[in-house]
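Trainee: What follows is input.cif, made up of mmCIF, C-alpha atoms:
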```cif
data_structure
#
loop_
_atom_site.group_PDB
_atom_site.id
_atom_site.type_symbol
_atom_site.label_atom_id
_atom_site.label_comp_id
_atom_site.auth_asym_id
_atom_site.auth_seq_id
_atom_site.Cartn_x
_atom_site.Cartn_y
_atom_site.Cartn_z
ATOM 1 C CA MET A 1 9.830 4.917 -10.768
ATOM 2 C CA HIS A 2 10.582 1.186 -10.495
ATOM 3 C CA ASP A 3 13.732 1.411 -12.633
ATOM 4 C CA PRO A 4 16.812 1.154 -10.355
ATOM 5 C CA ALA A 5 18.943 3.286 -12.676
ATOM 6 C CA THR A 6 16.337 6.055 -12.660
ATOM 7 C CA LEU A 7 16.047 5.928 -8.870
ATOM 8 C CA ALA A 8 19.831 6.080 -8.515
ATOM 9 C CA ARG A 9 19.938 9.171 -10.710
ATOM 10 C CA LEU A 10 17.089 10.878 -8.844
ATOM 11 C CA VAL A 11 18.529 10.406 -5.330
ATOM 12 C CA ARG A 12 22.146 11.252 -6.229
ATOM 13 C CA GLY A 13 23.283 14.300 -4.262
ATOM 14 C CA CYS A 14 20.166 14.403 -2.068
ATOM 15 C CA ARG A 15 20.219 14.885 1.705
ATOM 16 C CA ALA A 16 17.046 12.867 2.153
ATOM 17 C CA VAL A 17 14.619 10.597 0.330
ATOM 18 C CA ILE A 18 10.894 10.841 1.118
ATOM 19 C CA ASN A 19 8.667 7.988 -0.031
ATOM 20 C CA LEU A 20 4.954 8.821 -0.277
ATOM 21 C CA VAL A 21 4.042 6.275 -2.949
ATOM 22 C CA GLY A 22 1.079 4.035 -2.154
ATOM 23 C CA VAL A 23 -2.060 2.440 -3.556
ATOM 24 C CA LEU A 24 -5.354 1.777 -1.806
ATOM 25 C CA ASN A 25 -6.695 -0.879 -4.179
ATOM 26 C CA ALA A 26 -4.637 -3.254 -6.313
ATOM 27 C CA SER A 27 -3.984 -6.890 -7.124
ATOM 28 C CA PRO A 28 -1.754 -8.832 -4.686
ATOM 29 C CA GLU A 29 1.137 -8.336 -7.103
ATOM 30 C CA GLY A 30 0.311 -4.629 -7.451
ATOM 31 C CA PHE A 31 0.294 -4.090 -3.684
ATOM 32 C CA ARG A 32 3.657 -5.840 -3.271
ATOM 33 C CA ARG A 33 5.259 -4.001 -6.173
ATOM 34 C CA VAL A 34 4.346 -0.581 -4.767
ATOM 35 C CA HIS A 35 4.476 -1.134 -1.002
ATOM 36 C CA VAL A 36 7.361 -3.613 -0.708
ATOM 37 C CA GLU A 37 9.518 -3.749 -3.836
ATOM 38 C CA LEU A 38 9.682 0.013 -4.388
ATOM 39 C CA PRO A 39 10.833 0.747 -0.798
ATOM 40 C CA ARG A 40 13.465 -1.983 -1.195
ATOM 41 C CA LYS A 41 14.734 -0.326 -4.385
ATOM 42 C CA LEU A 42 14.700 3.093 -2.712
ATOM 43 C CA VAL A 43 16.763 1.783 0.204
ATOM 44 C CA THR A 44 19.293 0.308 -2.214
ATOM 45 C CA ALA A 45 19.477 3.532 -4.202
ATOM 46 C CA ALA A 46 19.859 5.663 -1.069
ATOM 47 C CA LEU A 47 22.608 3.483 0.390
ATOM 48 C CA GLU A 48 24.551 3.345 -2.862
ATOM 49 C CA ALA A 49 24.284 7.136 -3.300
ATOM 50 C CA GLY A 50 25.241 7.859 0.299
ATOM 51 C CA VAL A 51 21.938 9.559 1.129
ATOM 52 C CA PRO A 52 21.800 9.654 4.940
ATOM 53 C CA ARG A 53 18.045 10.051 5.576
ATOM 54 C CA LEU A 54 14.856 8.223 4.545
ATOM 55 C CA LEU A 55 11.313 9.219 5.537
ATOM 56 C CA HIS A 56 8.722 6.594 4.683
ATOM 57 C CA MET A 57 4.930 6.807 4.575
ATOM 58 C CA SER A 58 3.421 3.720 6.147
ATOM 59 C CA ALA A 59 -0.094 3.371 7.621
ATOM 60 C CA LEU A 60 -1.726 2.953 10.994
ATOM 61 C CA ASN A 61 -2.207 -0.791 11.674
ATOM 62 C CA ALA A 62 0.419 -1.742 9.081
ATOM 63 C CA ASP A 63 1.436 -5.293 9.973
ATOM 64 C CA PRO A 64 3.366 -7.876 7.923
ATOM 65 C CA GLY A 65 1.406 -10.568 9.750
ATOM 66 C CA GLU A 66 -2.047 -9.174 8.844
ATOM 67 C CA PRO A 67 -4.021 -12.183 7.551
ATOM 68 C CA HIS A 68 -6.752 -10.456 5.526
ATOM 69 C CA SER A 69 -5.988 -6.909 4.337
ATOM 70 C CA LEU A 70 -3.356 -6.888 1.600
ATOM 71 C CA TYR A 71 -3.053 -3.131 2.001
ATOM 72 C CA LEU A 72 -2.097 -3.360 5.676
ATOM 73 C CA ARG A 73 0.048 -6.465 5.189
ATOM 74 C CA THR A 74 2.157 -5.018 2.374
ATOM 75 C CA LYS A 75 2.413 -1.651 4.131
ATOM 76 C CA GLY A 76 3.797 -3.552 7.119
ATOM 77 C CA GLU A 77 6.238 -5.498 4.958
ATOM 78 C CA GLY A 78 7.486 -2.314 3.304
ATOM 79 C CA GLU A 79 7.916 -0.646 6.670
ATOM 80 C CA ALA A 80 9.980 -3.613 7.860
ATOM 81 C CA VAL A 81 12.183 -3.333 4.755
ATOM 82 C CA VAL A 82 13.080 0.318 5.356
ATOM 83 C CA HIS A 83 13.662 -0.127 9.091
ATOM 84 C CA ALA A 84 16.000 -3.046 8.415
ATOM 85 C CA ALA A 85 18.260 -0.517 6.643
ATOM 86 C CA LEU A 86 18.989 1.125 10.022
ATOM 87 C CA ALA A 87 21.589 -1.601 10.511
ATOM 88 C CA GLN A 88 23.341 -0.345 7.355
ATOM 89 C CA GLY A 89 23.489 3.226 8.590
ATOM 90 C CA LEU A 90 20.433 4.685 6.874
ATOM 91 C CA GLN A 91 18.567 7.062 9.222
ATOM 92 C CA VAL A 92 14.991 5.871 8.794
ATOM 93 C CA THR A 93 11.725 7.253 10.168
ATOM 94 C CA SER A 94 8.337 5.880 9.163
ATOM 95 C CA PHE A 95 4.960 7.542 9.644
ATOM 96 C CA ARG A 96 1.727 5.723 10.406
ATOM 97 C CA PRO A 97 -1.198 8.088 9.816
ATOM 98 C CA SER A 98 -4.844 7.321 10.355
ATOM 99 C CA VAL A 99 -7.032 8.228 7.374
ATOM 100 C CA ILE A 100 -5.768 11.531 5.923
ATOM 101 C CA PHE A 101 -8.195 14.294 4.954
ATOM 102 C CA GLY A 102 -7.576 17.467 2.984
ATOM 103 C CA PRO A 103 -8.377 19.266 -0.283
ATOM 104 C CA ASP A 104 -9.326 16.811 -3.051
ATOM 105 C CA ASP A 105 -8.798 13.759 -0.842
ATOM 106 C CA HIS A 106 -10.296 10.425 -1.852
ATOM 107 C CA PHE A 107 -11.923 9.784 1.516
ATOM 108 C CA LEU A 108 -14.234 12.667 2.403
ATOM 109 C CA ARG A 109 -14.960 13.686 -1.181
ATOM 110 C CA ARG A 110 -15.931 10.133 -2.147
ATOM 111 C CA PHE A 111 -18.466 9.981 0.682
ATOM 112 C CA ALA A 112 -19.660 13.484 -0.211
ATOM 113 C CA THR A 113 -20.318 12.391 -3.791
ATOM 114 C CA LEU A 114 -22.177 9.273 -2.680
ATOM 115 C CA LEU A 115 -24.256 11.274 -0.195
ATOM 116 C CA ARG A 116 -25.345 13.686 -2.923
ATOM 117 C CA LEU A 117 -26.451 10.736 -5.065
ATOM 118 C CA ALA A 118 -28.262 8.896 -2.260
ATOM 119 C CA PRO A 119 -32.091 9.087 -2.440
ATOM 120 C CA GLY A 120 -32.739 9.980 1.204
ATOM 121 C CA VAL A 121 -31.297 6.782 2.713
ATOM 122 C CA PHE A 122 -27.569 6.084 2.720
ATOM 123 C CA PRO A 123 -26.570 2.429 3.289
ATOM 124 C CA LEU A 124 -23.221 2.429 5.095
ATOM 125 C CA ALA A 125 -20.926 -0.560 5.472
ATOM 126 C CA CYS A 126 -18.909 -0.957 8.689
ATOM 127 C CA PRO A 127 -20.766 1.894 10.447
ATOM 128 C CA GLU A 128 -19.054 1.274 13.796
ATOM 129 C CA ALA A 129 -15.501 1.363 12.412
ATOM 130 C CA ARG A 130 -13.387 3.796 14.458
ATOM 131 C CA LEU A 131 -11.217 6.400 12.747
ATOM 132 C CA THR A 132 -9.140 9.355 13.946
ATOM 133 C CA PRO A 133 -8.758 11.466 10.770
ATOM 134 C CA VAL A 134 -5.583 13.524 10.481
ATOM 135 C CA TYR A 135 -5.247 16.726 8.434
ATOM 136 C CA VAL A 136 -2.867 16.510 5.487
ATOM 137 C CA GLN A 137 -1.048 19.717 6.475
ATOM 138 C CA ASP A 138 -0.299 18.223 9.896
ATOM 139 C CA VAL A 139 1.183 15.158 8.186
ATOM 140 C CA VAL A 140 3.308 17.396 5.942
ATOM 141 C CA ASP A 141 4.513 19.364 8.968
ATOM 142 C CA ALA A 142 5.462 16.111 10.735
ATOM 143 C CA PHE A 143 7.662 15.107 7.797
ATOM 144 C CA VAL A 144 9.301 18.550 7.726
ATOM 145 C CA VAL A 145 10.057 18.547 11.464
ATOM 146 C CA ALA A 146 11.373 14.965 11.363
ATOM 147 C CA LEU A 147 13.935 15.856 8.684
ATOM 148 C CA GLU A 148 15.942 17.754 11.291
ATOM 149 C CA GLU A 149 14.986 15.783 14.416
ATOM 150 C CA ALA A 150 17.544 13.070 15.223
ATOM 151 C CA ARG A 151 15.269 11.737 17.964
ATOM 152 C CA THR A 152 12.822 10.500 15.321
ATOM 153 C CA VAL A 153 15.401 8.171 13.704
ATOM 154 C CA GLY A 154 14.269 4.566 14.043
ATOM 155 C CA ARG A 155 10.763 5.615 15.098
ATOM 156 C CA ARG A 156 7.430 4.485 13.738
ATOM 157 C CA CYS A 157 5.437 7.677 14.307
ATOM 158 C CA ALA A 158 1.651 7.366 14.568
ATOM 159 C CA LEU A 159 -0.222 10.456 13.355
ATOM 160 C CA CYS A 160 -3.836 11.172 14.326
ATOM 161 C CA GLY A 161 -6.257 14.041 14.662
ATOM 162 C CA PRO A 162 -7.668 15.211 18.001
ATOM 163 C CA ARG A 163 -10.915 13.199 17.896
ATOM 164 C CA THR A 164 -11.982 9.627 17.171
ATOM 165 C CA TYR A 165 -15.216 9.091 15.226
ATOM 166 C CA ARG A 166 -17.255 6.095 14.287
ATOM 167 C CA LEU A 167 -17.692 5.953 10.527
ATOM 168 C CA ARG A 168 -21.428 6.549 11.005
ATOM 169 C CA GLU A 169 -20.657 9.819 12.838
ATOM 170 C CA LEU A 170 -18.242 10.964 10.141
ATOM 171 C CA VAL A 171 -20.741 10.411 7.347
ATOM 172 C CA ALA A 172 -23.513 12.145 9.317
ATOM 173 C CA LEU A 173 -21.177 15.120 9.900
ATOM 174 C CA LEU A 174 -20.486 15.268 6.165
ATOM 175 C CA ALA A 175 -24.188 15.225 5.362
ATOM 176 C CA ARG A 176 -24.906 18.079 7.800
ATOM 177 C CA THR A 177 -22.006 20.130 6.426
ATOM 178 C CA LEU A 178 -23.330 19.635 2.894
ATOM 179 C CA GLY A 179 -26.845 20.610 3.986
ATOM 180 C CA LEU A 180 -28.222 17.176 3.038
ATOM 181 C CA ARG A 181 -30.944 15.355 4.931
ATOM 182 C CA ARG A 182 -29.907 11.717 4.781
ATOM 183 C CA ARG A 183 -30.780 8.791 6.967
ATOM 184 C CA ILE A 184 -27.610 6.782 7.614
ATOM 185 C CA LEU A 185 -28.552 3.100 7.460
ATOM 186 C CA GLY A 186 -25.771 1.108 9.106
ATOM 187 C CA LEU A 187 -25.257 -2.321 7.549
ATOM 188 C CA GLY A 188 -24.414 -5.437 9.544
ATOM 189 C CA GLU A 189 -21.409 -7.636 8.844
ATOM 190 C CA GLY A 190 -23.053 -9.762 6.150
ATOM 191 C CA LEU A 191 -24.482 -6.842 4.177
ATOM 192 C CA SER A 192 -21.249 -4.873 4.591
ATOM 193 C CA ARG A 193 -19.314 -7.718 3.002
ATOM 194 C CA LEU A 194 -21.900 -8.009 0.237
ATOM 195 C CA GLN A 195 -21.661 -4.282 -0.495
ATOM 196 C CA ALA A 196 -17.872 -4.566 -0.712
ATOM 197 C CA ARG A 197 -18.087 -7.521 -3.098
ATOM 198 C CA LEU A 198 -20.436 -5.586 -5.369
ATOM 199 C CA LEU A 199 -18.835 -2.132 -5.278
ATOM 200 C CA GLN A 200 -15.305 -3.396 -5.890
ATOM 201 C CA HIS A 201 -16.354 -4.185 -9.466
ATOM 202 C CA LEU A 202 -17.544 -0.637 -10.196
ATOM 203 C CA PRO A 203 -15.317 1.964 -11.899
ATOM 204 C CA GLY A 204 -13.043 3.571 -9.337
ATOM 205 C CA GLN A 205 -13.681 0.736 -6.850
ATOM 206 C CA PRO A 206 -15.536 2.871 -4.272
ATOM 207 C CA PHE A 207 -15.398 0.060 -1.673
ATOM 208 C CA THR A 208 -13.578 -3.280 -1.811
ATOM 209 C CA MET A 209 -13.169 -6.372 0.324
ATOM 210 C CA ASP A 210 -9.671 -5.196 1.177
ATOM 211 C CA ASN A 211 -11.136 -1.887 2.387
ATOM 212 C CA TYR A 212 -13.637 -3.903 4.435
ATOM 213 C CA HIS A 213 -10.859 -5.915 6.082
ATOM 214 C CA SER A 214 -8.841 -2.756 6.822
ATOM 215 C CA LEU A 215 -11.851 -1.207 8.561
ATOM 216 C CA GLN A 216 -12.002 -4.116 11.006
ATOM 217 C CA HIS A 217 -9.000 -2.546 12.775
ATOM 218 C CA PRO A 218 -9.643 0.659 14.775
ATOM 219 C CA SER A 219 -7.605 3.417 13.094
ATOM 220 C CA VAL A 220 -6.769 5.031 16.430
ATOM 221 C CA CYS A 221 -3.384 6.170 17.752
ATOM 222 C CA GLY A 222 -2.060 4.635 20.934
ATOM 223 C CA GLU A 223 0.488 7.450 21.105
ATOM 224 C CA ASN A 224 0.024 10.381 18.742
ATOM 225 C CA CYS A 225 3.401 11.793 17.636
ATOM 226 C CA LEU A 226 2.026 15.150 16.467
ATOM 227 C CA PRO A 227 2.088 16.887 19.893
ATOM 228 C CA GLU A 228 5.570 15.485 20.536
ATOM 229 C CA LEU A 229 6.735 17.096 17.296
ATOM 230 C CA GLY A 230 5.203 20.422 18.331
ATOM 231 C CA ILE A 231 2.223 20.148 15.949
ATOM 232 C CA PRO A 232 -1.271 20.719 17.435
ATOM 233 C CA PRO A 233 -3.616 18.239 15.693
ATOM 234 C CA THR A 234 -6.165 20.064 13.522
ATOM 235 C CA ALA A 235 -9.844 19.355 14.172
ATOM 236 C CA LEU A 236 -11.815 18.056 11.200
ATOM 237 C CA GLU A 237 -14.666 20.467 11.953
ATOM 238 C CA ALA A 238 -12.269 23.421 11.654
ATOM 239 C CA VAL A 239 -11.577 22.849 7.967
ATOM 240 C CA LEU A 240 -14.414 20.652 6.677
ATOM 241 C CA PRO A 241 -16.668 23.503 5.420
ATOM 242 C CA HIS A 242 -13.771 24.859 3.354
ATOM 243 C CA LEU A 243 -12.826 21.454 1.968
ATOM 244 C CA LEU A 244 -16.329 20.825 0.641
ATOM 245 C CA GLY A 245 -16.763 24.295 -0.872
ATOM 246 C CA PRO A 246 -17.437 24.704 -4.613
ATOM 247 C CA HIS A 247 -14.274 26.690 -5.355
ATOM 248 C CA GLN A 248 -11.397 24.325 -4.689
ATOM 249 C CA HIS A 249 -8.588 26.750 -5.585
ATOM 250 C CA GLN A 250 -9.756 29.056 -2.785
ATOM 251 C CA ALA A 251 -10.667 26.150 -0.506
ATOM 252 C CA ARG A 252 -7.038 25.024 -0.313
ATOM 253 C CA LEU A 253 -5.941 28.390 1.083
ATOM 254 C CA GLN A 254 -8.934 28.693 3.413
ATOM 255 C CA ALA A 255 -8.440 25.173 4.776
ATOM 256 C CA TYR A 256 -4.744 25.792 5.359
ATOM 257 C CA ARG A 257 -5.455 29.016 7.249
ATOM 258 C CA ALA A 258 -8.310 27.475 9.235
ATOM 259 C CA GLY A 259 -6.168 24.500 10.214
ATOM 260 C CA HIS A 260 -3.306 26.667 11.450
ATOM 261 C CA HIS A 261 -5.631 28.874 13.481
ATOM 262 C CA ALA A 262 -7.751 26.073 14.951
#
```
Using the file provided, produce a representation of the structure as structure tokens.
Mentor:
Amino acid sequence: MHDPATLARLVRGCRAVINLVGVLNASPEGFRRVHVELPRKLVTAALEAGVPRLLHMSALNADPGEPHSLYLRTKGEGEAVVHAALAQGLQVTSFRPSVIFGPDDHFLRRFATLLRLAPGVFPLACPEARLTPVYVQDVVDAFVVALEEARTVGRRCALCGPRTYRLRELVALLARTLGLRRRILGLGEGLSRLQARLLQHLPGQPFTMDNYHSLQHPSVCGENCLPELGIPPTALEAVLPHLLGPHQHQARLQAYRAGHHA
């Protein structure tokens, strides 16, 4: 996907390019390659092919001046790259979701797995971190609507669910939904950092220092674009039981239906 000739071939004849590529954990070079260099190559390919529209997945709190989180810094740099192409005639919209939940996501299911393994007490880093989880189908719908909405050109659209949780509340909700009796032991700053330093060396990197730094910023929308786009934000509680069910092929359909009838 990083080969300019391949990108040029893929976007030729398209009405729009949608960039959803991202990584949560990587080396500094890995973050830049995916979050900054790839968007730059996509912009070049789109302009050369005459593609008029670019939708770009950014992140809430993305900021090129972020001093600690490489994820948020490079997301901000990539967002700046695509918006700079507005001056060259490319119709750009970027989306800044809070943490996204849905079938097979890496957020809720990771905590669910850890809760099942916990022996009664669950040590939780950054327990007071504030998040406003947004349902993946709502994010998809926002992209679809924006394709035909000229008023979204040039916008950085924040996407959030209807309710803000502290991380402690989210994990407790997960435990109750799973039928698990777990005591959530919130860790202070020092132990949270220590947990991140240890877990980032485990397979799959369940929690890293970069994740820790990202959680220091409330993932809360100042202005949620979903209602403006005609999309009622789906409540986490409306779909969570389906997402954590044992039969994932059926859970996808159930969660979709539950979300659209919430």
Trainee: Which of these residues is nearest to Glu79 (chain A), using only C-alpha atoms: A:Gly222, A:Pro227, A:Gly30, A:Pro64?
Mentor: A:Pro64
Trainee: Translate the PyMOL selection byres ((chain A and resi 99) around 6), as applied to the file shown, into an explicit residue set as a list of chain:residue names.
Mentor: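 Here the PyMOL selection byres ((chain A and resi 99) around 6) matches A:Ser98, A:Ile100, A:Pro133.
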Trainee: So what do you get for CA of Pro39 (chain A) versus CA of Ser94 (chain A), distance-wise?
Mentor: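 About the pair CA of Pro39 (chain A) and CA of Ser94 (chain A): they are 11.5 Å apart.
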Trainee: Using the chain letters and numbers from the file, give me the residues hit by the PyMOL selection byres ((chain A and resi 131) around 9), as a list in words.
Mentor: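 With the PyMOL selection byres ((chain A and resi 131) around 9) on this model, the match is Ser98, Val99, Ala129, Arg130, Thr132, Pro133, Cys160, Arg163, Thr164, Tyr165, Arg166, Leu167, Leu170, Leu215, Pro218, Ser219 and Val220 of chain A.
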Trainee: So what does the PyMOL selection byres ((chain A and resi 81-83) around 12) actually pick up in this one, as a count of residues only?
Mentor: 47
Trainee: Looking at A:Pro67, A:Leu240, A:Glu149, A:Pro28, which one is nearest to Asp104 (chain A), with distances taken over only C-alpha atoms?
Mentor: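 Smallest separation from Asp104 (chain A) among the options: A:Leu240.
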Trainee: Mind pulling up the distance from CA of Pro97 (chain A) to CA of Asp210 (chain A)?
Mentor: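 So the answer is 18.0 Å.
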Trainee: Considering only C-alpha atoms, can you say which of A:Ala175, A:Ala150, A:Leu229, A:Leu187 comes closest to Leu124 (chain A)?
Mentor: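 Among A:Ala175, A:Ala150, A:Leu229, A:Leu187, it is A:Leu187 that comes nearest to Leu124 (chain A).
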Trainee: Distance CA of Leu244 (chain A)-CA of Glu169 (chain A), one decimal place?
Mentor: 17.0 Å
Trainee: Measuring atom to atom with all atoms listed in the file, identify which of A:Ala125, A:Cys157, A:Ala172, A:Val144 is nearest to Gln195 (chain A).
Mentor: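 Using all atoms listed in the file, the shortest distance to Gln195 (chain A) belongs to A:Ala125.
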